[in-house]
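Shown here: final_5.pdb, PDB, C-alpha atoms and all ligand atoms.
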```pdb
ATOM      1  CA  MET A  26     -42.198   4.424  20.485
ATOM      2  CA  ALA A  27     -38.600   4.446  21.679
ATOM      3  CA  ASN A  28     -38.968   2.087  24.578
ATOM      4  CA  ILE A  29     -42.049   0.067  24.085
ATOM      5  CA  LEU A  30     -41.002  -2.701  26.400
ATOM      6  CA  ASN A  31     -41.476  -1.482  29.886
ATOM      7  CA  ILE A  32     -40.881  -4.972  31.146
ATOM      8  CA  ALA A  33     -39.339  -6.284  34.301
ATOM      9  CA  ASN A  34     -36.087  -7.478  32.770
ATOM     10  CA  PRO A  35     -35.155  -5.216  29.858
ATOM     11  CA  ALA A  36     -31.478  -6.012  30.448
ATOM     12  CA  GLU A  37     -32.174  -9.469  29.089
ATOM     13  CA  LEU A  38     -33.161  -7.914  25.814
ATOM     14  CA  ALA A  39     -30.178  -5.624  25.472
ATOM     15  CA  GLY A  40     -27.135  -6.461  23.419
ATOM     16  CA  THR A  41     -28.870  -8.942  21.190
ATOM     17  CA  ASP A  42     -26.908  -8.100  18.071
ATOM     18  CA  THR A  43     -24.938 -11.311  18.308
ATOM     19  CA  LYS A  44     -28.059 -13.493  18.472
ATOM     20  CA  THR A  45     -26.276 -16.688  19.317
ATOM     21  CA  GLU A  46     -28.422 -18.220  22.028
ATOM     22  CA  THR A  47     -30.975 -20.653  20.647
ATOM     23  CA  LEU A  48     -34.334 -20.095  22.311
ATOM     24  CA  LEU A  49     -36.474 -22.477  20.303
ATOM     25  CA  GLU A  50     -35.280 -25.544  18.461
ATOM     26  CA  ILE A  51     -37.888 -27.212  16.301
ATOM     27  CA  LYS A  52     -36.853 -30.508  14.773
ATOM     28  CA  GLY A  53     -38.748 -32.651  12.310
ATOM     29  CA  LEU A  54     -42.114 -31.362  13.479
ATOM     30  CA  VAL A  55     -45.037 -33.314  12.050
ATOM     31  CA  LYS A  56     -48.681 -32.372  12.461
ATOM     32  CA  GLN A  57     -51.497 -34.424  11.005
ATOM     33  CA  PHE A  58     -55.195 -33.841  10.992
ATOM     34  CA  GLY A  59     -56.324 -37.423  10.557
ATOM     35  CA  GLU A  60     -54.500 -38.748   7.507
ATOM     36  CA  ARG A  61     -53.697 -35.290   6.295
ATOM     37  CA  ARG A  62     -50.121 -34.165   6.967
ATOM     38  CA  VAL A  63     -50.219 -30.406   7.479
ATOM     39  CA  LEU A  64     -46.691 -29.973   8.847
ATOM     40  CA  ASP A  65     -44.282 -32.358   7.201
ATOM     41  CA  GLY A  66     -40.998 -32.217   9.080
ATOM     42  CA  ILE A  67     -40.371 -28.597  10.070
ATOM     43  CA  ASP A  68     -36.827 -27.766  11.234
ATOM     44  CA  LEU A  69     -36.367 -24.282  12.633
ATOM     45  CA  GLN A  70     -34.093 -22.621  15.148
ATOM     46  CA  VAL A  71     -35.032 -19.328  16.730
ATOM     47  CA  LYS A  72     -32.230 -17.355  18.374
ATOM     48  CA  ARG A  73     -32.778 -14.914  21.190
ATOM     49  CA  GLY A  74     -33.499 -11.494  19.727
ATOM     50  CA  GLU A  75     -34.252 -12.859  16.290
ATOM     51  CA  VAL A  76     -37.279 -11.814  14.244
ATOM     52  CA  ILE A  77     -38.463 -14.598  11.987
ATOM     53  CA  VAL A  78     -41.153 -13.877   9.435
ATOM     54  CA  VAL A  79     -43.055 -16.901   8.182
ATOM     55  CA  LEU A  80     -44.514 -16.525   4.709
ATOM     56  CA  GLY A  81     -46.427 -18.925   2.528
ATOM     57  CA  PRO A  82     -49.659 -19.439   0.631
ATOM     58  CA  SER A  83     -52.965 -19.783   2.428
ATOM     59  CA  GLY A  84     -53.346 -23.236   3.929
ATOM     60  CA  CYS A  85     -49.621 -24.087   3.898
ATOM     61  CA  GLY A  86     -49.502 -24.584   7.663
ATOM     62  CA  LYS A  87     -48.357 -21.236   9.114
ATOM     63  CA  SER A  88     -51.047 -20.961  11.776
ATOM     64  CA  THR A  89     -50.732 -24.623  12.609
ATOM     65  CA  LEU A  90     -47.015 -24.192  13.199
ATOM     66  CA  LEU A  91     -47.555 -21.304  15.614
ATOM     67  CA  ARG A  92     -50.365 -23.162  17.332
ATOM     68  CA  CYS A  93     -48.070 -26.150  17.886
ATOM     69  CA  LEU A  94     -45.517 -23.852  19.533
ATOM     70  CA  ASN A  95     -48.193 -22.732  21.947
ATOM     71  CA  GLY A  96     -49.580 -26.177  22.718
ATOM     72  CA  LEU A  97     -52.856 -25.503  20.935
ATOM     73  CA  GLU A  98     -52.334 -28.525  18.661
ATOM     74  CA  SER A  99     -51.016 -31.962  19.487
ATOM     75  CA  VAL A 100     -48.153 -33.085  17.264
ATOM     76  CA  GLN A 101     -47.489 -36.475  15.721
ATOM     77  CA  GLY A 102     -43.727 -36.305  15.351
ATOM     78  CA  GLY A 103     -40.580 -34.308  15.980
ATOM     79  CA  SER A 104     -39.664 -32.093  18.880
ATOM     80  CA  ILE A 105     -39.845 -28.511  20.120
ATOM     81  CA  GLY A 106     -36.875 -27.695  22.299
ATOM     82  CA  TYR A 107     -37.344 -24.798  24.663
ATOM     83  CA  ALA A 108     -35.433 -23.975  27.848
ATOM     84  CA  GLY A 109     -33.735 -27.344  27.832
ATOM     85  CA  LYS A 110     -36.970 -29.289  27.502
ATOM     86  CA  ASP A 111     -38.890 -30.947  24.691
ATOM     87  CA  LEU A 112     -42.327 -29.359  24.783
ATOM     88  CA  THR A 113     -43.813 -32.223  22.782
ATOM     89  CA  ALA A 114     -43.017 -34.635  25.624
ATOM     90  CA  ALA A 115     -45.811 -35.796  27.889
ATOM     91  CA  GLY A 116     -46.378 -33.731  30.994
ATOM     92  CA  THR A 117     -45.530 -30.318  29.519
ATOM     93  CA  ASP A 118     -47.218 -27.597  31.542
ATOM     94  CA  TRP A 119     -48.572 -25.505  28.664
ATOM     95  CA  ARG A 120     -50.061 -22.989  31.033
ATOM     96  CA  GLU A 121     -46.532 -22.273  32.181
ATOM     97  CA  VAL A 122     -45.109 -22.319  28.643
ATOM     98  CA  ARG A 123     -47.739 -19.863  27.397
ATOM     99  CA  GLN A 124     -46.456 -17.332  29.907
ATOM    100  CA  ARG A 125     -43.042 -17.614  28.244
ATOM    101  CA  ILE A 126     -44.238 -17.888  24.640
ATOM    102  CA  GLY A 127     -46.920 -15.259  24.095
ATOM    103  CA  MET A 128     -49.278 -15.363  21.138
ATOM    104  CA  VAL A 129     -51.515 -12.831  19.431
ATOM    105  CA  PHE A 130     -54.110 -13.945  16.888
ATOM    106  CA  GLN A 131     -55.893 -12.434  13.937
ATOM    107  CA  SER A 132     -59.105 -12.019  15.901
ATOM    108  CA  TYR A 133     -58.699 -10.011  19.063
ATOM    109  CA  GLU A 134     -59.351 -12.368  21.904
ATOM    110  CA  LEU A 135     -60.205  -9.736  24.491
ATOM    111  CA  PHE A 136     -62.854 -10.582  27.056
ATOM    112  CA  PRO A 137     -65.846  -8.432  26.082
ATOM    113  CA  HIS A 138     -67.177  -8.048  29.616
ATOM    114  CA  MET A 139     -63.887  -6.703  31.009
ATOM    115  CA  ASN A 140     -62.363  -3.307  30.483
ATOM    116  CA  VAL A 141     -58.917  -2.823  29.006
ATOM    117  CA  ILE A 142     -56.926  -2.823  32.221
ATOM    118  CA  ASP A 143     -58.759  -5.856  33.626
ATOM    119  CA  ASN A 144     -58.150  -7.732  30.366
ATOM    120  CA  ILE A 145     -54.451  -6.980  30.644
ATOM    121  CA  LEU A 146     -54.115  -7.747  34.350
ATOM    122  CA  LEU A 147     -56.007 -11.033  34.302
ATOM    123  CA  GLY A 148     -52.934 -13.137  33.459
ATOM    124  CA  PRO A 149     -50.414 -11.293  35.647
ATOM    125  CA  LEU A 150     -52.724 -11.415  38.686
ATOM    126  CA  LYS A 151     -54.633 -14.697  38.332
ATOM    127  CA  VAL A 152     -52.026 -16.852  36.611
ATOM    128  CA  GLN A 153     -48.750 -15.296  37.713
ATOM    129  CA  LYS A 154     -50.056 -14.201  41.135
ATOM    130  CA  ARG A 155     -48.146 -10.969  40.910
ATOM    131  CA  ASP A 156     -48.434  -7.959  43.116
ATOM    132  CA  LYS A 157     -51.288  -5.805  41.863
ATOM    133  CA  ARG A 158     -49.508  -2.483  42.125
ATOM    134  CA  GLU A 159     -46.425  -3.759  40.339
ATOM    135  CA  ALA A 160     -48.458  -5.366  37.539
ATOM    136  CA  LEU A 161     -50.626  -2.260  37.161
ATOM    137  CA  LEU A 162     -47.543  -0.089  36.852
ATOM    138  CA  GLN A 163     -46.184  -2.281  34.098
ATOM    139  CA  ALA A 164     -49.562  -2.456  32.313
ATOM    140  CA  GLU A 165     -49.894   1.330  32.363
ATOM    141  CA  GLY A 166     -46.366   1.724  31.077
ATOM    142  CA  LEU A 167     -47.092  -0.617  28.188
ATOM    143  CA  LEU A 168     -50.402   1.119  27.432
ATOM    144  CA  GLU A 169     -48.600   4.419  27.306
ATOM    145  CA  ARG A 170     -46.062   3.026  24.858
ATOM    146  CA  VAL A 171     -48.796   1.948  22.465
ATOM    147  CA  GLY A 172     -50.611   5.256  22.897
ATOM    148  CA  LEU A 173     -53.649   3.852  24.682
ATOM    149  CA  LEU A 174     -53.211   4.769  28.332
ATOM    150  CA  ASP A 175     -56.253   7.031  28.132
ATOM    151  CA  ARG A 176     -58.370   4.036  27.087
ATOM    152  CA  LYS A 177     -57.580   1.869  30.087
ATOM    153  CA  HIS A 178     -61.146   1.904  31.415
ATOM    154  CA  ALA A 179     -62.757   1.383  28.002
ATOM    155  CA  TYR A 180     -64.512  -1.852  27.062
ATOM    156  CA  PRO A 181     -63.492  -3.748  23.922
ATOM    157  CA  ARG A 182     -66.717  -2.762  22.111
ATOM    158  CA  GLU A 183     -65.704   0.892  22.479
ATOM    159  CA  LEU A 184     -62.383   0.364  20.713
ATOM    160  CA  SER A 185     -61.401   0.235  17.061
ATOM    161  CA  GLY A 186     -59.915  -2.947  15.627
ATOM    162  CA  GLY A 187     -56.452  -1.443  15.668
ATOM    163  CA  GLN A 188     -56.835  -0.399  19.277
ATOM    164  CA  LYS A 189     -58.099  -3.850  20.281
ATOM    165  CA  GLN A 190     -55.155  -5.471  18.590
ATOM    166  CA  ARG A 191     -52.696  -3.162  20.352
ATOM    167  CA  ILE A 192     -54.368  -4.056  23.654
ATOM    168  CA  ALA A 193     -54.074  -7.761  22.810
ATOM    169  CA  ILE A 194     -50.350  -7.235  22.239
ATOM    170  CA  VAL A 195     -49.972  -5.361  25.531
ATOM    171  CA  ARG A 196     -51.835  -8.129  27.309
ATOM    172  CA  ALA A 197     -49.403 -10.715  25.989
ATOM    173  CA  LEU A 198     -46.375  -8.518  26.794
ATOM    174  CA  CYS A 199     -47.523  -7.958  30.346
ATOM    175  CA  MET A 200     -46.714 -11.612  31.074
ATOM    176  CA  ASN A 201     -43.048 -10.838  30.280
ATOM    177  CA  PRO A 202     -42.706 -13.511  27.598
ATOM    178  CA  ASP A 203     -39.383 -14.633  26.127
ATOM    179  CA  ILE A 204     -40.892 -15.009  22.679
ATOM    180  CA  MET A 205     -43.882 -13.503  20.917
ATOM    181  CA  LEU A 206     -45.823 -15.265  18.179
ATOM    182  CA  PHE A 207     -47.992 -13.140  15.869
ATOM    183  CA  ASP A 208     -50.458 -14.803  13.535
ATOM    184  CA  GLU A 209     -51.679 -12.354  10.881
ATOM    185  CA  VAL A 210     -52.553  -9.799  13.524
ATOM    186  CA  THR A 211     -53.432  -7.135  10.957
ATOM    187  CA  ALA A 212     -55.370  -9.359   8.562
ATOM    188  CA  SER A 213     -58.823  -8.282   9.726
ATOM    189  CA  LEU A 214     -58.021  -4.604  10.197
ATOM    190  CA  ASP A 215     -59.044  -1.713   7.998
ATOM    191  CA  PRO A 216     -56.017  -0.420   6.084
ATOM    192  CA  GLU A 217     -55.666   2.763   8.121
ATOM    193  CA  MET A 218     -55.262   0.699  11.297
ATOM    194  CA  VAL A 219     -52.716  -1.753   9.982
ATOM    195  CA  ARG A 220     -49.854   0.642  10.409
ATOM    196  CA  GLU A 221     -50.469   1.483  14.064
ATOM    197  CA  VAL A 222     -50.310  -2.215  14.902
ATOM    198  CA  LEU A 223     -47.274  -2.919  12.736
ATOM    199  CA  ASP A 224     -45.507   0.039  14.355
ATOM    200  CA  VAL A 225     -45.971  -1.561  17.755
ATOM    201  CA  ILE A 226     -44.446  -4.808  16.516
ATOM    202  CA  ARG A 227     -41.618  -2.918  14.859
ATOM    203  CA  GLY A 228     -40.949  -1.191  18.173
ATOM    204  CA  LEU A 229     -40.671  -4.593  19.822
ATOM    205  CA  ALA A 230     -38.211  -5.716  17.167
ATOM    206  CA  ASN A 231     -36.107  -2.644  17.809
ATOM    207  CA  GLN A 232     -36.094  -3.508  21.494
ATOM    208  CA  GLY A 233     -34.741  -6.963  20.735
ATOM    209  CA  MET A 234     -37.864  -9.032  21.375
ATOM    210  CA  THR A 235     -37.655 -12.535  19.927
ATOM    211  CA  MET A 236     -40.569 -12.996  17.554
ATOM    212  CA  VAL A 237     -42.075 -15.348  15.024
ATOM    213  CA  ILE A 238     -44.400 -13.356  12.803
ATOM    214  CA  VAL A 239     -46.864 -14.645  10.234
ATOM    215  CA  THR A 240     -47.958 -11.796   7.983
ATOM    216  CA  HIS A 241     -49.083 -10.925   4.495
ATOM    217  CA  GLU A 242     -47.669  -7.419   4.778
ATOM    218  CA  MET A 243     -44.676  -7.865   2.490
ATOM    219  CA  GLY A 244     -43.092  -4.448   3.044
ATOM    220  CA  PHE A 245     -43.247  -5.016   6.769
ATOM    221  CA  ALA A 246     -41.853  -8.540   6.439
ATOM    222  CA  ARG A 247     -38.959  -7.249   4.435
ATOM    223  CA  SER A 248     -38.081  -4.432   6.807
ATOM    224  CA  VAL A 249     -38.635  -6.128  10.165
ATOM    225  CA  GLY A 250     -37.477  -9.699   9.555
ATOM    226  CA  ASP A 251     -34.002 -11.011  10.267
ATOM    227  CA  ARG A 252     -34.931 -14.123   8.350
ATOM    228  CA  ILE A 253     -37.750 -15.094   6.064
ATOM    229  CA  VAL A 254     -38.983 -18.643   6.328
ATOM    230  CA  PHE A 255     -41.089 -19.636   3.351
ATOM    231  CA  ILE A 256     -43.416 -22.588   3.833
ATOM    232  CA  ASP A 257     -45.342 -24.473   1.191
ATOM    233  CA  ARG A 258     -47.463 -27.580   1.757
ATOM    234  CA  GLY A 259     -46.205 -28.069   5.297
ATOM    235  CA  ARG A 260     -42.511 -27.849   4.492
ATOM    236  CA  ILE A 261     -39.938 -25.102   4.725
ATOM    237  CA  VAL A 262     -39.008 -24.546   1.103
ATOM    238  CA  GLU A 263     -36.640 -21.655   1.613
ATOM    239  CA  THR A 264     -34.982 -19.705   4.414
ATOM    240  CA  ALA A 265     -33.221 -16.474   3.537
ATOM    241  CA  PRO A 266     -32.411 -12.951   4.693
ATOM    242  CA  PRO A 267     -35.230 -10.614   3.572
ATOM    243  CA  GLU A 268     -33.224  -8.780   0.936
ATOM    244  CA  ARG A 269     -32.298 -11.997  -0.786
ATOM    245  CA  PHE A 270     -35.726 -13.539  -0.425
ATOM    246  CA  PHE A 271     -37.508 -10.566  -1.941
ATOM    247  CA  THR A 272     -35.022  -9.927  -4.725
ATOM    248  CA  LYS A 273     -33.654 -13.367  -5.595
ATOM    249  CA  PRO A 274     -35.762 -16.179  -4.159
ATOM    250  CA  GLU A 275     -34.173 -19.511  -4.894
ATOM    251  CA  SER A 276     -37.264 -21.638  -5.235
ATOM    252  CA  GLU A 277     -39.812 -21.429  -7.974
ATOM    253  CA  ARG A 278     -42.595 -21.662  -5.431
ATOM    254  CA  ALA A 279     -41.324 -18.620  -3.535
ATOM    255  CA  GLN A 280     -40.975 -16.744  -6.807
ATOM    256  CA  HIS A 281     -44.535 -17.620  -7.716
ATOM    257  CA  PHE A 282     -45.742 -16.563  -4.268
ATOM    258  CA  LEU A 283     -43.991 -13.190  -4.601
ATOM    259  CA  ASP A 284     -45.365 -12.650  -8.105
ATOM    260  CA  ILE A 285     -48.856 -12.741  -6.669
ATOM    261  CA  PHE A 286     -48.035 -10.047  -4.109
ATOM    262  CA  GLN A 287     -45.897  -7.736  -6.193
TER     263      GLN A 287
HETATM  264  P1  LIG A 301     -52.249 -21.157   7.014
HETATM  265  O1  LIG A 301     -52.249 -20.522   8.358
HETATM  266  O2  LIG A 301     -50.902 -21.254   6.393
HETATM  267  O3  LIG A 301     -53.231 -20.540   6.072
HETATM  268  P2  LIG A 301     -53.274 -23.426   8.469
HETATM  269  O4  LIG A 301     -52.154 -23.787   9.377
HETATM  270  O5  LIG A 301     -54.410 -22.703   9.060
HETATM  271  O6  LIG A 301     -52.714 -22.686   7.181
HETATM  272  O7  LIG A 301     -53.849 -24.753   7.832
HETATM  273  C1  LIG A 301     -53.042 -25.705   7.184
HETATM  274  C2  LIG A 301     -53.914 -26.813   6.673
HETATM  275  O8  LIG A 301     -54.447 -27.531   7.773
HETATM  276  C3  LIG A 301     -55.082 -26.325   5.845
HETATM  277  O9  LIG A 301     -55.286 -27.188   4.787
HETATM  278  C4  LIG A 301     -56.239 -26.397   6.824
HETATM  279  O10 LIG A 301     -57.424 -26.640   6.134
HETATM  280  C5  LIG A 301     -55.855 -27.586   7.673
HETATM  281  N1  LIG A 301     -56.397 -27.463   9.033
HETATM  282  C6  LIG A 301     -56.160 -26.464   9.903
HETATM  283  N2  LIG A 301     -56.787 -26.678  11.068
HETATM  284  C7  LIG A 301     -57.452 -27.839  10.929
HETATM  285  C8  LIG A 301     -58.300 -28.613  11.786
HETATM  286  N3  LIG A 301     -58.582 -28.226  13.042
HETATM  287  N4  LIG A 301     -58.805 -29.766  11.284
HETATM  288  C9  LIG A 301     -58.519 -30.171  10.032
HETATM  289  N5  LIG A 301     -57.740 -29.501   9.189
HETATM  290  C10 LIG A 301     -57.204 -28.343   9.616
HETATM  291 MG    MG A 302     -53.269 -18.876   9.099
END
```
Whole structure given in structure tokens:
Amino acid sequence: MANILNIANPAELAGTDTKTETLLEIKGLVKQFGERRVLDGIDLQVKRGEVIVVLGPSGCGKSTLLRCLNGLESVQGGSIGYAGKDLTAAGTDWREVRQRIGMVFQSYELFPHMNVIDNILLGPLKVQKRDKREALLQAEGLLERVGLLDRKHAYPRELSGGQKQRIAIVRALCMNPDIMLFDEVTASLDPEMVREVLDVIRGLANQGMTMVIVTHEMGFARSVGDRIVFIDRGRIVETAPPERFFTKPESERAQHFLDIFQ
């Protein structure tokens, strides 16, 4: 898993140890469902190459936050700065943005009637209008990295949950995104398959991919995250490096959250 990112512009991902360039700048983000305020003024900067792990109790707004970053929810306040633009402004081309900000969900969203390679190539060919040979080469390279090249003609129903999730990750990567969002991608997997999926994400982290990861795998969060962002009731309660968060959380709510898991 040394070079999982067989992408078109790996140079962009090299030398990210400084992590100074802000890729995403979320300011005062507010999301309401009717009267109910689910995100209550989220401020978060994501630097290029940074791995942010979002933790928090069920229902605190983690999925909603990621969905806002992908244009899957309208927002009622604040801004999302990306590539010099505010994505919350009218006229944002979310189809374009989703090529730059890839997302993988808890439930594998593979098309059941398409085999693995067709699932992966759909975006690169139909949306990005790329050359088929070039896209296929990249897709096969990515499949090889996740150990699934031999399954390229399989249909989703023939794959295990862990395999489907690795394919879903490859499919998102094949669009050459700047940022990857992961929303509890191992939550519905049997325990023996969790690791193979987490290893793929860890490989991406090692390659310098910018990521925002929602997970309940605490060991993974601690080892892969550059920063832990702890959310409760729609607000960021605490932001800290993993070591500090897991050993000396500052807030009582984070402490309580960790007590449940440890
Ligand atoms: P988490 O991912 O942290 O478990 P969510 O972001 O899914 O939390 O949900 C945050 C809150 O928003 C929850 O109370 C949830 O019930 C509510 N919520 C999520 N989606 C909707 C929706 N489409 N309509 C109404 N309420 C929603
Ligand atoms: Mg969720």
Could you pull out the residues sitting within 10 Å of ligand MG 302 (chain A), using only C-alpha atoms and all ligand atoms, and write them as a PyMOL selection string? chain A and resi 81-92+130-131+208-209+212+239-240
For A:Leu147, which residue among A:Gln57, A:Gly106, A:Gly66, A:Arg196 is the nearest when counting all atoms listed in the file? A:Arg196
Between atom CA of A:Leu283 and atom O2 of ligand LIG 301 (chain A), distance in Å (one decimal): 15.3 Å
Between A:Phe136, A:Tyr107, A:Phe207, A:Phe245, smallest distance to ligand LIG 301 (chain A) by all atoms listed in the file belongs to A:Phe207
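From atom CA of A:Val63 back to atom O7 of ligand LIG 301 (chain A), the distance works out to 6.7 Å.
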Residues within 10 Å of A:Ala230, all atoms listed in the file, excluding chain neighbours under 2 positions, as a PyMOL selection string: chain A and resi 29+74-76+224-228+232-236+249-251
Axis-aligned box for all listed atoms of ligand LIG 301 (chain A), 8 Å per side, centre and edges in Å to one decimal, as JSON:
```
{"center_x": -54.9, "center_y": -25.3, "center_z": 8.9, "size_x": 23.9, "size_y": 25.6, "size_z": 24.3}
```
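Between atom CA of A:Leu173 and atom CA of A:Glu134 the separation is 17.4 Å.
Nearest to A:Phe282 of all the residues A:Ile256, A:Cys199, A:Val78, A:Ala164 is A:Ile256, based on all atoms listed in the file.
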Determine, counting all atoms listed in the file, which protein, DNA and RNA residues have an atom within 9 Å of an atom of A:Ala160; residues of the same chain fewer than 3 positions away are not included. Present the result as a list of chain:residue names. A:Leu146, A:Pro149, A:Leu150, A:Arg155, A:Asp156, A:Lys157, A:Gln163, A:Ala164, A:Glu165, A:Cys199
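Residue nearest A:Pro267, chosen from A:Val79, A:Arg62, A:Asp284, A:Gln190 and counting all atoms listed in the file: A:Val79.
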Quick one: residues within 12 Å of A:Gln124, only C-alpha atoms, excluding same-chain residues fewer than 5 positions away - as number ranges by chain? A: 95-96, 118-119, 148-149, 152-153, 196-206
Emit the selected residues as a PDB file, in the frame of the given file, including C-alpha atoms.
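Written out: result.pdb:
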```
ATOM      1  CA  ASN A  95     -48.193 -22.732  21.947  1.00  0.00           C
ATOM      2  CA  GLY A  96     -49.580 -26.177  22.718  1.00  0.00           C
ATOM      3  CA  ASP A 118     -47.218 -27.597  31.542  1.00  0.00           C
ATOM      4  CA  TRP A 119     -48.572 -25.505  28.664  1.00  0.00           C
ATOM      5  CA  GLY A 148     -52.934 -13.137  33.459  1.00  0.00           C
ATOM      6  CA  PRO A 149     -50.414 -11.293  35.647  1.00  0.00           C
ATOM      7  CA  VAL A 152     -52.026 -16.852  36.611  1.00  0.00           C
ATOM      8  CA  GLN A 153     -48.750 -15.296  37.713  1.00  0.00           C
ATOM      9  CA  ARG A 196     -51.835  -8.129  27.309  1.00  0.00           C
ATOM     10  CA  ALA A 197     -49.403 -10.715  25.989  1.00  0.00           C
ATOM     11  CA  LEU A 198     -46.375  -8.518  26.794  1.00  0.00           C
ATOM     12  CA  CYS A 199     -47.523  -7.958  30.346  1.00  0.00           C
ATOM     13  CA  MET A 200     -46.714 -11.612  31.074  1.00  0.00           C
ATOM     14  CA  ASN A 201     -43.048 -10.838  30.280  1.00  0.00           C
ATOM     15  CA  PRO A 202     -42.706 -13.511  27.598  1.00  0.00           C
ATOM     16  CA  ASP A 203     -39.383 -14.633  26.127  1.00  0.00           C
ATOM     17  CA  ILE A 204     -40.892 -15.009  22.679  1.00  0.00           C
ATOM     18  CA  MET A 205     -43.882 -13.503  20.917  1.00  0.00           C
ATOM     19  CA  LEU A 206     -45.823 -15.265  18.179  1.00  0.00           C
TER      20      LEU A 206
END
```
Can you list what the PyMOL selection byres (((chain A and resi 166-169) around 10) and not hetatm) grabs from this structure, as a JSON list (two decimals) with C-alpha atoms, in the coordinates of the input?
```json
[["chain", "number", "residue", "atom", "x", "y", "z"],
["A", 26, "MET", "CA", -42.20, 4.42, 20.48],
["A", 28, "ASN", "CA", -38.97, 2.09, 24.58],
["A", 29, "ILE", "CA", -42.05, 0.07, 24.08],
["A", 30, "LEU", "CA", -41.00, -2.70, 26.40],
["A", 31, "ASN", "CA", -41.48, -1.48, 29.89],
["A", 32, "ILE", "CA", -40.88, -4.97, 31.15],
["A", 141, "VAL", "CA", -58.92, -2.82, 29.01],
["A", 142, "ILE", "CA", -56.93, -2.82, 32.22],
["A", 145, "ILE", "CA", -54.45, -6.98, 30.64],
["A", 160, "ALA", "CA", -48.46, -5.37, 37.54],
["A", 161, "LEU", "CA", -50.63, -2.26, 37.16],
["A", 162, "LEU", "CA", -47.54, -0.09, 36.85],
["A", 163, "GLN", "CA", -46.18, -2.28, 34.10],
["A", 164, "ALA", "CA", -49.56, -2.46, 32.31],
["A", 165, "GLU", "CA", -49.89, 1.33, 32.36],
["A", 170, "ARG", "CA", -46.06, 3.03, 24.86],
["A", 171, "VAL", "CA", -48.80, 1.95, 22.46],
["A", 172, "GLY", "CA", -50.61, 5.26, 22.90],
["A", 173, "LEU", "CA", -53.65, 3.85, 24.68],
["A", 174, "LEU", "CA", -53.21, 4.77, 28.33],
["A", 175, "ASP", "CA", -56.25, 7.03, 28.13],
["A", 176, "ARG", "CA", -58.37, 4.04, 27.09],
["A", 177, "LYS", "CA", -57.58, 1.87, 30.09],
["A", 191, "ARG", "CA", -52.70, -3.16, 20.35],
["A", 192, "ILE", "CA", -54.37, -4.06, 23.65],
["A", 194, "ILE", "CA", -50.35, -7.24, 22.24],
["A", 195, "VAL", "CA", -49.97, -5.36, 25.53],
["A", 196, "ARG", "CA", -51.84, -8.13, 27.31],
["A", 198, "LEU", "CA", -46.38, -8.52, 26.79],
["A", 199, "CYS", "CA", -47.52, -7.96, 30.35]]
```
Residue with smallest distance to ligand LIG 301 (chain A) - pool A:Arg278, A:Lys72, A:Arg260, A:Lys52, counting all atoms listed in the file: A:Arg260
Please identify all polymer residues within 9 Å of A:Val254, counting all atoms listed in the file, omitting same-chain residues fewer than 5 positions from it, and present them as a list in words. Leu69, Ile77, Val78, Val79, Leu80, Gly81, Ile261, Val262, Glu263, Thr264, Ala265 and Pro266 of chain A
What's the 9 Å shell around A:Pro181, counting all atoms listed in the file, without same-chain residues fewer than 5 positions away, as a PyMOL selection string? chain A and resi 135-141+188-189
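When only C-alpha atoms and all ligand atoms are used to compute distances to ligand LIG 301 (chain A), the closest of the residues A:Gly244, A:Gly127, A:Gly53, A:Gly59 turns out to be A:Gly59.
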Would you mind writing stretch 113-122 of chain A with N, CA and C atoms, as a tab-separated table (two decimals), keeping the file's coordinate frame?
```tsv
chain	number	residue	atom	x	y	z
A	113	THR	N	-42.89	-31.22	23.30
A	113	THR	CA	-43.81	-32.22	22.78
A	113	THR	C	-43.88	-33.45	23.70
A	114	ALA	N	-43.00	-33.49	24.69
A	114	ALA	CA	-43.02	-34.64	25.62
A	114	ALA	C	-44.25	-34.58	26.51
A	115	ALA	N	-44.65	-35.74	27.00
A	115	ALA	CA	-45.81	-35.80	27.89
A	115	ALA	C	-45.50	-34.99	29.15
A	116	GLY	N	-46.54	-34.41	29.71
A	116	GLY	CA	-46.38	-33.73	30.99
A	116	GLY	C	-45.96	-32.28	30.89
A	117	THR	N	-45.86	-31.74	29.66
A	117	THR	CA	-45.53	-30.32	29.52
A	117	THR	C	-46.64	-29.46	30.12
A	118	ASP	N	-46.25	-28.51	30.94
A	118	ASP	CA	-47.22	-27.60	31.54
A	118	ASP	C	-47.41	-26.41	30.60
A	119	TRP	N	-48.39	-26.54	29.70
A	119	TRP	CA	-48.57	-25.50	28.66
A	119	TRP	C	-49.01	-24.18	29.25
A	120	ARG	N	-49.68	-24.23	30.37
A	120	ARG	CA	-50.06	-22.99	31.03
A	120	ARG	C	-48.81	-22.17	31.40
A	121	GLU	N	-47.81	-22.90	31.85
A	121	GLU	CA	-46.53	-22.27	32.18
A	121	GLU	C	-45.83	-21.78	30.90
A	122	VAL	N	-45.80	-22.66	29.89
A	122	VAL	CA	-45.11	-22.32	28.64
A	122	VAL	C	-45.73	-21.08	28.00
```
